[in-house]
Every structure is written in C-alpha cells, then in structure tokens.
>>> print(open('query-v8.cif').read())   # mmCIF, C-alpha atoms
data_protein
#
loop_
_atom_site.label_atom_id
_atom_site.label_comp_id
_atom_site.auth_asym_id
_atom_site.auth_seq_id
_atom_site.Cartn_x
_atom_site.Cartn_y
_atom_site.Cartn_z
CA PHE N 1 28.22 -4.06 158.46
CA PHE N 2 26.97 -1.82 161.23
CA PHE N 3 24.23 -4.32 161.86
CA PHE N 4 26.49 -6.77 163.63
CA PHE N 5 28.89 -4.51 165.39
CA SER N 6 28.01 -1.48 167.43
CA ILE N 7 30.17 1.58 167.13
CA LYS N 8 31.52 0.88 170.61
CA LYS N 9 32.72 -2.55 169.61
CA ILE N 10 34.48 -1.22 166.53
CA ILE N 11 36.20 1.38 168.57
CA LYS N 12 37.19 -1.24 171.12
CA MET N 13 38.61 -3.49 168.46
CA VAL N 14 40.53 -0.73 166.83
CA GLY N 15 41.81 0.40 170.17
CA VAL N 16 41.69 4.10 169.55
CA ARG N 17 39.10 6.55 170.72
CA VAL N 18 37.82 8.03 167.50
CA LEU N 19 35.69 10.64 169.17
CA GLY N 20 37.09 13.53 171.07
CA ILE N 21 40.63 13.59 169.72
CA THR N 22 41.69 17.15 169.31
CA GLY N 23 45.43 17.07 169.18
CA PRO N 24 48.53 14.92 169.17
CA LYS N 25 48.73 14.84 173.02
CA LYS N 26 45.16 13.67 173.48
CA ALA N 27 45.64 11.01 170.87
CA ALA N 28 48.61 9.63 172.74
CA LYS N 29 46.62 9.63 176.00
CA ALA N 30 43.58 8.01 174.44
CA ALA N 31 45.57 5.17 172.85
CA PRO N 32 46.26 1.95 174.82
CA SER N 33 49.38 1.68 176.95
CA THR N 34 51.51 0.52 174.01
CA GLY N 35 51.46 4.11 172.90
CA LYS N 36 50.12 3.43 169.41
CA SER N 37 46.91 2.06 168.04
CA ALA N 38 46.73 -1.71 167.62
CA ARG N 39 47.95 -2.70 164.21
CA TYR N 40 46.56 -6.17 164.45
CA TYR N 41 43.28 -7.46 165.62
CA PRO N 42 41.81 -10.86 164.91
CA ALA N 43 39.36 -11.08 162.06
CA ASP N 44 36.97 -13.27 164.00
CA ASP N 45 35.72 -12.69 167.48
CA VAL N 46 38.08 -13.88 170.18
CA SER N 47 36.10 -15.55 172.92
CA ARG N 48 36.98 -14.36 176.39
CA PRO N 49 36.86 -16.82 179.26
CA LYS N 50 33.60 -16.45 181.21
CA HIS N 51 33.66 -15.36 184.83
CA SER N 52 33.99 -18.58 186.84
CA ARG N 53 31.37 -19.27 189.48
CA ALA N 54 33.48 -21.89 191.24
CA LYS N 55 33.66 -21.21 194.94
CA LYS N 56 37.11 -20.47 196.29
CA HIS N 57 38.20 -22.53 199.25
CA ASN N 58 40.51 -20.32 201.29
CA ALA N 59 42.38 -21.20 204.45
CA PRO N 60 39.97 -21.20 207.39
CA LYS N 61 39.96 -18.27 209.78
CA ILE N 62 40.93 -19.48 213.20
CA ARG N 63 40.38 -17.26 216.22
CA ALA N 64 43.68 -16.04 217.62
CA THR N 65 42.98 -17.59 221.03
CA PHE N 66 43.10 -21.16 219.63
CA THR N 67 46.77 -22.07 219.40
CA PRO N 68 48.15 -25.59 219.83
CA GLY N 69 48.22 -26.37 223.53
CA THR N 70 45.50 -23.97 224.60
CA VAL N 71 43.04 -25.21 227.20
CA CYS N 72 39.55 -24.73 225.77
CA ILE N 73 36.12 -24.88 227.36
CA LEU N 74 33.54 -26.72 225.27
CA LEU N 75 30.21 -24.95 225.27
CA ALA N 76 27.87 -27.33 223.50
CA GLY N 77 27.45 -30.92 222.58
CA ARG N 78 28.00 -34.11 224.51
CA PHE N 79 31.02 -32.77 226.36
CA ARG N 80 29.72 -29.32 227.22
CA GLY N 81 31.51 -27.70 230.12
CA LYS N 82 34.58 -29.87 229.80
CA ARG N 83 38.03 -28.37 229.68
CA VAL N 84 40.09 -29.86 226.86
CA VAL N 85 43.40 -29.32 225.14
CA CYS N 86 43.39 -27.91 221.63
CA LEU N 87 45.90 -29.66 219.36
CA LYS N 88 45.55 -27.99 215.99
CA ALA N 89 43.19 -26.43 213.50
CA LEU N 90 42.07 -28.69 210.66
CA ASP N 91 41.57 -27.65 207.06
CA SER N 92 37.82 -27.60 207.44
CA GLY N 93 38.11 -24.90 210.12
CA LEU N 94 37.31 -27.24 212.99
CA LEU N 95 39.65 -27.63 215.95
CA LEU N 96 41.24 -30.96 216.80
CA VAL N 97 40.86 -31.44 220.51
CA THR N 98 41.61 -34.13 223.10
CA GLY N 99 40.67 -34.50 226.79
CA PRO N 100 43.15 -36.14 227.39
CA TYR N 101 40.90 -39.16 227.45
CA LYS N 102 42.21 -40.50 230.76
CA ILE N 103 41.52 -37.24 232.54
CA ASN N 104 38.05 -36.25 231.38
CA GLY N 105 36.81 -38.80 228.87
CA VAL N 106 37.04 -36.58 225.81
CA PRO N 107 38.68 -38.47 222.92
CA LEU N 108 40.41 -37.07 219.86
CA ARG N 109 37.58 -35.03 218.50
CA ARG N 110 36.71 -32.21 216.18
CA VAL N 111 35.10 -29.15 217.64
CA ASN N 112 33.67 -26.05 216.04
CA GLN N 113 35.50 -23.01 217.33
CA ALA N 114 32.21 -21.14 217.64
CA TYR N 115 31.26 -23.51 220.43
CA ALA N 116 34.47 -23.26 222.38
CA ILE N 117 36.18 -20.68 224.52
CA GLY N 118 39.96 -20.51 224.27
CA THR N 119 41.40 -19.71 227.69
CA SER N 120 44.74 -18.10 228.32
CA THR N 121 46.11 -21.29 229.91
CA LYS N 122 48.55 -23.13 227.70
CA ILE N 123 50.15 -26.57 227.84
CA ASP N 124 53.28 -27.49 225.97
CA VAL N 125 52.25 -29.84 223.15
CA SER N 126 55.33 -29.46 220.98
CA LYS N 127 56.22 -33.11 221.52
CA VAL N 128 52.83 -34.27 220.24
CA ASP N 129 52.60 -35.47 216.64
CA VAL N 130 49.16 -34.94 215.14
CA SER N 131 50.27 -34.35 211.56
CA LYS N 132 48.61 -37.55 210.34
CA ILE N 133 45.21 -36.64 211.74
CA ASP N 134 43.03 -34.58 209.45
CA ASP N 135 39.38 -34.33 208.44
CA SER N 136 39.37 -37.61 206.50
CA TYR N 137 40.41 -39.41 209.71
CA PHE N 138 36.99 -38.60 211.10
CA ALA N 139 34.97 -39.60 208.04
CA ARG N 140 32.07 -41.92 208.74
CA VAL N 141 32.80 -45.59 208.25
CA ALA N 142 30.38 -47.12 205.72
CA THR N 143 28.30 -49.68 207.61
CA GLU N 144 26.72 -52.52 205.75
CA SER N 145 23.00 -51.98 205.57
CA ALA N 146 20.78 -54.99 205.07
CA ASP N 147 18.29 -54.76 202.26
CA GLY N 148 14.68 -55.68 202.57
CA GLU N 149 12.22 -55.47 205.40
CA GLU N 150 14.41 -57.18 207.98
CA GLY N 151 17.28 -54.85 207.34
CA PHE N 152 15.02 -51.82 207.45
CA PHE N 153 13.77 -52.66 210.91
CA ALA N 154 17.16 -53.82 212.08
CA ASN N 155 18.45 -50.34 211.46
CA ASP N 156 16.13 -49.02 214.15
CA ALA N 157 17.77 -51.07 216.89
CA ALA N 158 20.49 -49.24 218.80
CA LYS N 159 23.87 -50.35 217.59
CA PRO N 160 26.70 -50.32 220.11
CA ALA N 161 29.34 -47.73 219.36
CA VAL N 162 32.42 -49.36 218.01
CA VAL N 163 35.69 -47.55 218.53
CA SER N 164 38.30 -48.78 216.11
CA ASP N 165 41.60 -50.04 217.43
CA GLN N 166 43.40 -47.47 215.35
CA ARG N 167 41.59 -44.68 217.17
CA LYS N 168 42.45 -46.19 220.53
CA ALA N 169 46.09 -46.49 219.56
CA ASP N 170 46.26 -42.93 218.27
CA GLN N 171 44.54 -41.67 221.41
CA LYS N 172 47.12 -43.38 223.61
CA LYS N 173 50.02 -42.04 221.60
CA VAL N 174 48.80 -38.45 221.55
CA ASP N 175 47.78 -38.42 225.18
CA ALA N 176 51.06 -39.88 226.43
CA ALA N 177 52.97 -36.76 225.45
CA ILE N 178 50.29 -34.41 226.74
CA LEU N 179 49.99 -36.16 230.10
CA LYS N 180 53.66 -35.57 230.76
CA ALA N 181 53.19 -31.82 230.33
CA VAL N 182 49.99 -31.90 232.39
CA ASP N 183 51.63 -33.69 235.29
CA ALA N 184 54.41 -31.13 235.33
CA ALA N 185 52.03 -28.23 236.04
CA PRO N 186 50.50 -28.17 239.53
CA LEU N 187 46.71 -28.67 239.71
CA MET N 188 46.46 -28.85 235.92
CA LYS N 189 45.19 -32.41 236.02
CA ASN N 190 42.43 -31.50 238.47
CA TYR N 191 41.61 -28.46 236.37
CA LEU N 192 41.21 -30.47 233.18
CA GLY N 193 39.13 -33.03 235.04
CA SER N 194 36.69 -30.43 236.30
CA LYS N 195 33.79 -28.88 234.43
CA PHE N 196 33.12 -25.23 233.81
CA SER N 197 29.82 -23.73 234.90
CA LEU N 198 28.50 -20.27 235.59
CA LYS N 199 28.24 -19.56 239.28
CA LYS N 200 25.95 -17.11 240.99
CA HIS N 201 28.00 -13.93 240.76
CA ASP N 202 29.71 -14.63 237.45
CA ARG N 203 29.15 -12.05 234.76
CA PRO N 204 30.04 -13.74 231.46
CA HIS N 205 30.79 -10.50 229.66
CA LYS N 206 33.23 -9.53 232.40
CA LEU N 207 34.90 -12.89 232.90
CA VAL N 208 38.47 -13.00 231.73
CA PHE N 209 39.33 -16.42 230.36
CA MET I 210 31.05 14.76 264.03
CA GLY I 211 32.94 17.19 261.76
CA PHE I 212 34.69 16.56 258.51
CA SER I 213 38.31 15.51 258.60
CA ARG I 214 39.28 15.60 254.92
CA TYR I 215 39.03 19.04 253.35
CA VAL I 216 39.41 20.26 249.80
CA GLU I 217 42.50 22.41 250.15
CA VAL I 218 45.67 23.19 248.28
CA GLY I 219 47.84 20.12 248.53
CA ARG I 220 45.09 17.57 249.18
CA VAL I 221 45.75 14.30 247.35
CA VAL I 222 42.66 13.03 245.57
CA LEU I 223 41.71 9.88 243.66
CA ILE I 224 39.98 10.50 240.35
CA ASN I 225 36.95 8.20 239.98
CA HIS I 226 35.46 9.04 236.62
CA GLY I 227 36.68 10.25 233.28
CA PRO I 228 39.74 9.42 231.21
CA ASP I 229 42.06 9.59 234.22
CA ALA I 230 39.89 7.32 236.37
CA GLY I 231 41.87 5.43 238.98
CA LYS I 232 44.75 7.88 239.15
CA LEU I 233 45.96 10.12 241.96
CA ALA I 234 46.20 13.89 241.69
CA THR I 235 46.87 16.89 243.94
CA VAL I 236 44.64 19.94 244.35
CA ILE I 237 46.66 22.95 243.22
CA ASP I 238 44.00 25.65 243.29
CA ILE I 239 40.29 26.00 243.84
CA VAL I 240 38.18 27.43 241.02
CA ASP I 241 34.76 27.68 242.65
CA GLN I 242 32.36 25.58 244.69
CA ASN I 243 32.14 22.91 242.00
CA LYS I 244 35.59 22.49 240.57
CA CYS I 245 39.27 22.73 241.33
CA LEU I 246 42.56 22.68 239.51
CA VAL I 247 44.51 19.45 239.87
CA GLU I 248 47.76 18.02 238.67
CA GLY I 249 49.39 14.56 239.02
CA PRO I 250 52.25 15.47 239.13
CA GLU I 251 52.19 14.29 235.55
CA GLU I 252 55.48 12.43 235.77
CA ILE I 253 54.45 10.45 238.82
CA THR I 254 50.78 9.68 238.32
CA GLY I 255 50.12 10.71 234.71
CA VAL I 256 47.44 13.31 235.40
CA LYS I 257 47.94 16.51 233.42
CA ARG I 258 47.15 19.88 234.92
CA GLN I 259 43.41 20.35 234.49
CA VAL I 260 40.22 21.66 236.05
CA ILE I 261 38.11 18.85 237.41
CA PRO I 262 34.74 18.91 239.21
CA TYR I 263 34.48 17.57 242.78
CA LYS I 264 31.88 15.09 241.64
CA ARG I 265 34.60 13.13 239.90
CA ILE I 266 37.10 12.92 242.71
CA ALA I 267 37.42 11.33 246.12
CA LEU I 268 39.52 12.94 248.87
CA THR I 269 42.24 10.85 250.47
CA ASP I 270 43.92 11.27 253.85
CA LEU I 271 47.15 12.40 252.27
CA LYS I 272 48.33 15.97 251.92
CA VAL I 273 51.32 17.49 250.22
CA ALA I 274 53.06 20.63 251.45
CA ILE I 275 52.76 23.02 248.52
CA GLN I 276 51.68 26.57 247.98
CA ARG I 277 48.73 27.60 245.83
CA ASN I 278 49.45 27.22 242.11
CA ALA I 279 52.70 25.39 242.65
CA ARG I 280 54.55 24.63 239.47
CA ALA I 281 55.04 21.09 238.23
CA LYS I 282 58.65 20.97 239.39
CA THR I 283 57.85 22.05 242.95
CA LEU I 284 54.91 19.68 243.10
CA LYS I 285 57.06 16.75 242.01
CA ALA I 286 59.72 17.63 244.57
CA ALA I 287 57.10 17.84 247.34
CA TRP I 288 55.74 14.40 246.37
CA LYS I 289 59.22 12.90 246.44
CA GLU I 290 60.03 14.44 249.80
CA GLY I 291 56.79 13.37 251.44
CA LYS I 292 57.07 9.89 249.90
CA THR I 293 53.39 10.33 249.04
CA LEU I 294 53.20 7.51 246.51
CA ASP I 295 54.62 5.00 248.98
CA GLN I 296 52.24 6.21 251.67
CA TRP I 297 49.34 5.71 249.27
CA GLU I 298 50.40 2.27 248.21
CA GLY I 299 50.70 1.21 251.86
CA SER I 300 47.16 2.35 252.63
CA ASN I 301 44.31 -0.14 252.89
CA TRP I 302 42.33 1.77 250.28
CA ALA I 303 45.00 1.27 247.66
CA LYS I 304 45.42 -2.38 248.61
CA LYS I 305 41.70 -3.01 248.24
CA LEU I 306 41.62 -1.35 244.83
CA ASP I 307 44.56 -3.48 243.77
CA SER I 308 42.99 -6.75 244.89
CA LYS I 309 39.74 -5.85 243.09
CA LYS I 310 41.69 -5.37 239.91
CA LYS I 311 43.52 -8.66 240.39
CA ARG I 312 40.26 -10.53 240.94
CA ALA I 313 38.73 -9.05 237.82
CA ASN I 314 41.67 -10.23 235.73
CA LEU I 315 41.91 -13.80 236.98
CA SER I 316 42.01 -16.38 234.22
CA ASP I 317 39.82 -19.49 234.31
CA PHE I 318 42.70 -21.58 235.68
CA ASP I 319 43.39 -18.94 238.34
CA ARG I 320 39.79 -19.06 239.45
CA PHE I 321 40.07 -22.82 239.76
CA LYS I 322 43.18 -22.47 241.92
CA VAL I 323 41.38 -19.94 244.14
CA MET I 324 38.51 -22.37 244.59
CA VAL I 325 40.88 -25.14 245.62
CA ALA I 326 42.67 -22.84 248.07
CA LYS I 327 39.38 -21.76 249.64
CA LYS I 328 38.36 -25.37 250.10
CA GLN I 329 41.68 -26.25 251.70
CA LYS I 330 41.43 -23.30 254.08
CA SER I 331 37.89 -24.10 255.18
CA ARG I 332 38.86 -27.73 255.69
CA ILE I 333 41.64 -26.74 258.06
CA ILE I 334 39.25 -24.51 259.97
CA ALA I 335 36.53 -27.15 260.14
CA LEU I 336 38.94 -29.76 261.44
CA LYS I 337 40.18 -27.35 264.08
CA ILE I 338 36.66 -26.58 265.23
CA LYS I 339 35.89 -30.27 265.43
CA GLU I 340 38.99 -30.76 267.49
CA MET I 341 38.05 -27.96 269.86
CA LYS I 342 34.52 -29.25 270.30
CA ALA I 343 35.68 -32.71 271.25
#
>>> encode(input="query-v8.cif", output="structure tokens")
Amino acid sequence: FFFFFSIKKIIKMVGVRVLGITGPKKAAKAAPSTGKSARYYPADDVSRPKHSRAKKHNAPKIRATFTPGTVCILLAGRFRGKRVVCLKALDSGLLLVTGPYKINGVPLRRVNQAYAIGTSTKIDVSKVDVSKIDDSYFARVATESADGEEGFFANDAAKPAVVSDQRKADQKKVDAAILKAVDAAPLMKNYLGSKFSLKKHDRPHKLVF
Amino acid sequence: MGFSRYVEVGRVVLINHGPDAGKLATVIDIVDQNKCLVEGPEEITGVKRQVIPYKRIALTDLKVAIQRNARAKTLKAAWKEGKTLDQWEGSNWAKKLDSKKKRANLSDFDRFKVMVAKKQKSRIIALKIKEMKA
C-alpha cells in the first residue's frame, strides 16, 4: 500500500496534518478551512487540469501620448519625417494613421508606435468614423500566382501597386471630416504638409514635442 | 572700474544651482567669506531661510531696505513696499530668462509657427532693402 502512495500524498488526501498535533487548538488550525477533516475523498485519483501553456492575448499597451487626433511624427519607413494624424489604436497594438492623403500623401495606414513620436498638438477627430477599420482591413489580398516556369519568372517582374476602390472611398470619407478640422486651425495644413527633420542646434533629448 | 553690486544685508540674489535654482532670495546675514544667510521671503519666492554659498548665487541690482537678521514678516513687508518683485520682472535679465524657458518648452507645432514667422519677417526686410536699393 505504501508503495504507491507516499506519506505526503496520504496526508494530503486525508486533509489533516497527522504529525505535530499536540492539542485541540493546533488540530483546528492544521485542518482545512472547513474546520474539520475531510470526511469524503474519492477512491480513485482525481486528475487535476494541467497548467495551460496557451499564450494570453491582453489588450495592447498604447503610449499615453497617442490619443485619437494627435499629430504624430513618423520616424521610419516610407513616410519617415511626415506629420500625420493618429486615428485610433488597433487590437494588434499598431496605430491607425492618415495623412490626410490630400495634404501629405500618407493614406490610411498602420504604424508601429515605437516608430512614431506623439506630439502635443491635437486635432478634433470626433466626427470621424473609423470603427469599421481594423487589422483584417489591412490583410494582404491573395494574388493569383501562375504555376510553372512562366509563372515563376513572371513573379519577378514589378507589379504595379493596385489600390482598391474600397480603400480610396474609405480614405475620402475619413479625410473629409479631418480636413474640416485642419482648415479651422491656422497653419495646421502647412504643418501637416511639412516634414520633420533635426536641425543644427536641435538636441533630441531636450526637444519638447 | 570698481564693483557696483555688493554682498550686503538686503541684496536681492538669484539662486543658480541647487533645489531652489531659478528663484530670488534676499541676503539677511553674512556667515563668512564663503556663505551667507538668505531667505525668499518664503511666501513670495518660495526660498526658505537657509545658509547658501556665494558660488551658487548671482547678485542682482535690486536691494531691499532691511536690517541684519530681519524676521520673515519684516522682510515680506519690505518686499511689498519696495515692489521688488515687479521691479525684477520688469528687468531685462528676468525677461531673458523667461524667453529662454518659453523657447525650451515650445511644442513641435510652435516651432513650425516660429519658423514661418521668421520667414515672413525676413521677407518683409528683404523687400524693403530691395526697394531702397532701387
């Protein structure tokens, strides 16, 4: 009998500390919270659920400076140096950003917040509806790939970028509301159209954005 | 070529280093050749009564009429009567310090607006010069 179960396991199953009991008080303390030893325990082993290794997906941490309507400076990528308007934070942790397209050529785009500076300048984007745009909106469209040798070499040729009509329509809709707010603020349009760069006497660690 | 600003009882000083950096204080008493006793007055400038070395302070032109070891109440009254704070804020020194602080705290958009204003100003000047040359 003692072969299969260690003393510890027996004691665990019974629920009472057999060793070290010296009086009625200690017994009460040693017993589980019910106050008395377990009367019932299953005859066979009860399997406990194993510790799950599934990764938890929590809400992304967004830097406090990136609120809807903040003017951001993009630091890397095709549009580095451009000043854009942040619209919202997506579930993946990326920021949804737009130029607006008419002002600086930046379309509705996702941007990693590590490669952006959120300035203290804000534009009112409360009238803008971006609730339908999320990460799946930006998923790659499956292109048909030709099989065989011809198709293999055809893939090397530069394919012209195709912007879907839906994207163009969404861009227009989103930008229309933002442009109204931009036109209301003096010099904001020129500001968004200009690029950021470090000048001679700028000290990045001392710059207040 | 003598000195015009002396360390004396009543001299208003600007503290340059330490936790009270940037604040005004008055010399109340002199300890020795390296340090003096100063006080704000605390209610006006926020500097508590303390001993401070001369290395940390800069003498200003302003003086307050007090006696040695004046108490906080008398000091405050003397500041109010002499309108010392207003005199300081009207001085060029104080204005320069203030504009330095403003420049350091400009946001990115503010810096853009400054750049535009500078360009506009130099354009006006250049056009005027052109006009005068013609």
>>> residues_around(input="query-v8.cif", residues="region 257-272 of chain I", least_positions_apart="5", cutoff="7 Å", atoms="all atoms listed in the file", output="ChimeraX atom specification")
/I:214,219-226,243-249,251
>>> axis_aligned_box(input="query-v8.cif", around="region 246-255 of chain I", padding_each_side="4 Å", output="lines of an AutoDock Vina configuration file")
center_x = 49.0
center_y = 16.2
center_z = 237.3
size_x = 20.9
size_y = 21.0
size_z = 13.2
>>> interface_residues(input="query-v8.cif", of="chain I", to="chain N", cutoff="12 Å", atoms="all atoms listed in the file", output="PyMOL selection string")
chain I and resi 310-326
>>> resolve_selection(input="query-v8.cif", expression="the PyMOL selection byres ((chain I and resi 283-296) around 10)", output="PyMOL selection string")
chain I and resi 219+221+233+235+237+248-254+270-276+278-282+297-300+303
>>> closest_residue(input="query-v8.cif", among="N:Arg203, N:Arg109, N:Lys172, N:Lys132", to="Gly77 (chain N)", atoms="all atoms listed in the file")
N:Arg109
>>> closest_residue(input="query-v8.cif", among="N:Tyr41, N:Gly93, N:Val111, N:Val85", to="Lys189 (chain N)", atoms="all atoms listed in the file")
N:Val85
>>> resolve_selection(input="query-v8.cif", expression="the PyMOL selection byres ((chain N and resi 127) around 10)", output="list in words")
Asp124, Val125, Ser126, Val128, Asp129, Val130, Val174, Ala176, Ala177, Ile178, Lys180 and Ala181 of chain N
>>> closest_residue(input="query-v8.cif", among="N:Gly118, N:Pro60, N:Gly81, N:Pro68", to="Leu94 (chain N)", atoms="all atoms listed in the file")
N:Pro60
>>> decode(input="query-v8.cif", residues="region 190-201 of chain N", atoms="all heavy atoms", output="mmCIF file, in the first residue's frame")
data_model
loop_
_atom_site.group_PDB
_atom_site.id
_atom_site.type_symbol
_atom_site.label_atom_id
_atom_site.label_comp_id
_atom_site.auth_asym_id
_atom_site.auth_seq_id
_atom_site.Cartn_x
_atom_site.Cartn_y
_atom_site.Cartn_z
ATOM 1 N N ASN N 190 -0.327 73.608 -43.443
ATOM 2 C CA ASN N 190 1.082 73.718 -43.825
ATOM 3 C C ASN N 190 1.945 72.837 -42.936
ATOM 4 O O ASN N 190 2.907 72.221 -43.379
ATOM 5 C CB ASN N 190 1.559 75.170 -43.706
ATOM 6 C CG ASN N 190 0.597 76.128 -44.361
ATOM 7 O OD1 ASN N 190 -0.565 76.186 -43.975
ATOM 8 N ND2 ASN N 190 1.072 76.873 -45.325
ATOM 9 N N TYR N 191 1.575 72.785 -41.666
ATOM 10 C CA TYR N 191 2.330 71.990 -40.698
ATOM 11 C C TYR N 191 2.288 70.513 -41.073
ATOM 12 O O TYR N 191 3.316 69.835 -41.107
ATOM 13 C CB TYR N 191 1.751 72.220 -39.303
ATOM 14 C CG TYR N 191 2.348 71.396 -38.209
ATOM 15 C CD1 TYR N 191 3.702 71.441 -37.920
ATOM 16 C CD2 TYR N 191 1.546 70.582 -37.423
ATOM 17 C CE1 TYR N 191 4.237 70.686 -36.884
ATOM 18 C CE2 TYR N 191 2.074 69.835 -36.391
ATOM 19 C CZ TYR N 191 3.417 69.883 -36.133
ATOM 20 O OH TYR N 191 3.940 69.141 -35.105
ATOM 21 N N LEU N 192 1.080 70.024 -41.387
ATOM 22 C CA LEU N 192 0.952 68.609 -41.727
ATOM 23 C C LEU N 192 1.615 68.313 -43.061
ATOM 24 O O LEU N 192 2.032 67.192 -43.328
ATOM 25 C CB LEU N 192 -0.525 68.208 -41.760
ATOM 26 C CG LEU N 192 -1.219 68.138 -40.414
ATOM 27 C CD1 LEU N 192 -2.685 67.841 -40.604
ATOM 28 C CD2 LEU N 192 -0.597 67.087 -39.520
ATOM 29 N N GLY N 193 1.708 69.309 -43.928
ATOM 30 C CA GLY N 193 2.340 69.080 -45.211
ATOM 31 C C GLY N 193 3.848 69.099 -45.150
ATOM 32 O O GLY N 193 4.512 68.643 -46.075
ATOM 33 N N SER N 194 4.401 69.605 -44.039
ATOM 34 C CA SER N 194 5.852 69.717 -43.949
ATOM 35 C C SER N 194 6.427 68.465 -43.298
ATOM 36 O O SER N 194 5.724 67.685 -42.693
ATOM 37 C CB SER N 194 6.229 70.943 -43.128
ATOM 38 O OG SER N 194 5.777 70.784 -41.809
ATOM 39 N N LYS N 195 7.751 68.321 -43.448
ATOM 40 C CA LYS N 195 8.414 67.155 -42.873
ATOM 41 C C LYS N 195 9.206 67.578 -41.653
ATOM 42 O O LYS N 195 9.728 68.691 -41.576
ATOM 43 C CB LYS N 195 9.377 66.564 -43.898
ATOM 44 C CG LYS N 195 8.800 65.484 -44.748
ATOM 45 C CD LYS N 195 9.939 64.665 -45.317
ATOM 46 C CE LYS N 195 9.456 63.801 -46.450
ATOM 47 N NZ LYS N 195 10.552 62.971 -46.958
ATOM 48 N N PHE N 196 9.379 66.666 -40.738
ATOM 49 C CA PHE N 196 10.213 66.924 -39.573
ATOM 50 C C PHE N 196 11.644 66.515 -39.866
ATOM 51 O O PHE N 196 11.886 65.483 -40.477
ATOM 52 C CB PHE N 196 9.703 66.142 -38.358
ATOM 53 C CG PHE N 196 10.617 66.235 -37.176
ATOM 54 C CD1 PHE N 196 10.560 67.327 -36.328
ATOM 55 C CD2 PHE N 196 11.554 65.252 -36.924
ATOM 56 C CE1 PHE N 196 11.402 67.429 -35.237
ATOM 57 C CE2 PHE N 196 12.411 65.341 -35.844
ATOM 58 C CZ PHE N 196 12.331 66.434 -35.006
ATOM 59 N N SER N 197 12.600 67.330 -39.463
ATOM 60 C CA SER N 197 13.998 66.891 -39.525
ATOM 61 C C SER N 197 14.763 67.569 -38.401
ATOM 62 O O SER N 197 14.353 68.604 -37.892
ATOM 63 C CB SER N 197 14.612 67.248 -40.875
ATOM 64 O OG SER N 197 14.757 68.636 -40.980
ATOM 65 N N LEU N 198 15.861 66.982 -38.024
ATOM 66 C CA LEU N 198 16.689 67.571 -36.977
ATOM 67 C C LEU N 198 17.536 68.662 -37.600
ATOM 68 O O LEU N 198 18.203 68.450 -38.596
ATOM 69 C CB LEU N 198 17.570 66.509 -36.336
ATOM 70 C CG LEU N 198 16.868 65.533 -35.412
ATOM 71 C CD1 LEU N 198 17.833 64.477 -34.926
ATOM 72 C CD2 LEU N 198 16.277 66.260 -34.219
ATOM 73 N N LYS N 199 17.482 69.840 -36.978
ATOM 74 C CA LYS N 199 18.302 70.943 -37.475
ATOM 75 C C LYS N 199 19.569 71.023 -36.653
ATOM 76 O O LYS N 199 19.765 70.280 -35.693
ATOM 77 C CB LYS N 199 17.500 72.257 -37.387
ATOM 78 C CG LYS N 199 16.139 72.195 -38.012
ATOM 79 C CD LYS N 199 16.238 72.226 -39.510
ATOM 80 C CE LYS N 199 14.946 72.184 -40.296
ATOM 81 N NZ LYS N 199 13.713 71.925 -39.656
ATOM 82 N N LYS N 200 20.413 72.008 -36.999
ATOM 83 C CA LYS N 200 21.758 72.014 -36.436
ATOM 84 C C LYS N 200 21.782 72.068 -34.919
ATOM 85 O O LYS N 200 22.528 71.354 -34.284
ATOM 86 C CB LYS N 200 22.521 73.199 -36.987
ATOM 87 C CG LYS N 200 23.993 73.184 -36.612
ATOM 88 C CD LYS N 200 24.715 74.282 -37.324
ATOM 89 C CE LYS N 200 26.179 73.922 -37.526
ATOM 90 N NZ LYS N 200 26.884 74.976 -38.240
ATOM 91 N N HIS N 201 21.007 72.932 -34.310
ATOM 92 C CA HIS N 201 21.118 73.110 -32.864
ATOM 93 C C HIS N 201 20.041 72.375 -32.089
ATOM 94 O O HIS N 201 19.821 72.661 -30.934
ATOM 95 C CB HIS N 201 21.099 74.607 -32.518
ATOM 96 C CG HIS N 201 22.265 75.326 -33.101
ATOM 97 N ND1 HIS N 201 22.118 76.303 -34.052
ATOM 98 C CD2 HIS N 201 23.582 75.175 -32.917
ATOM 99 C CE1 HIS N 201 23.317 76.745 -34.397
ATOM 100 N NE2 HIS N 201 24.224 76.077 -33.730
#
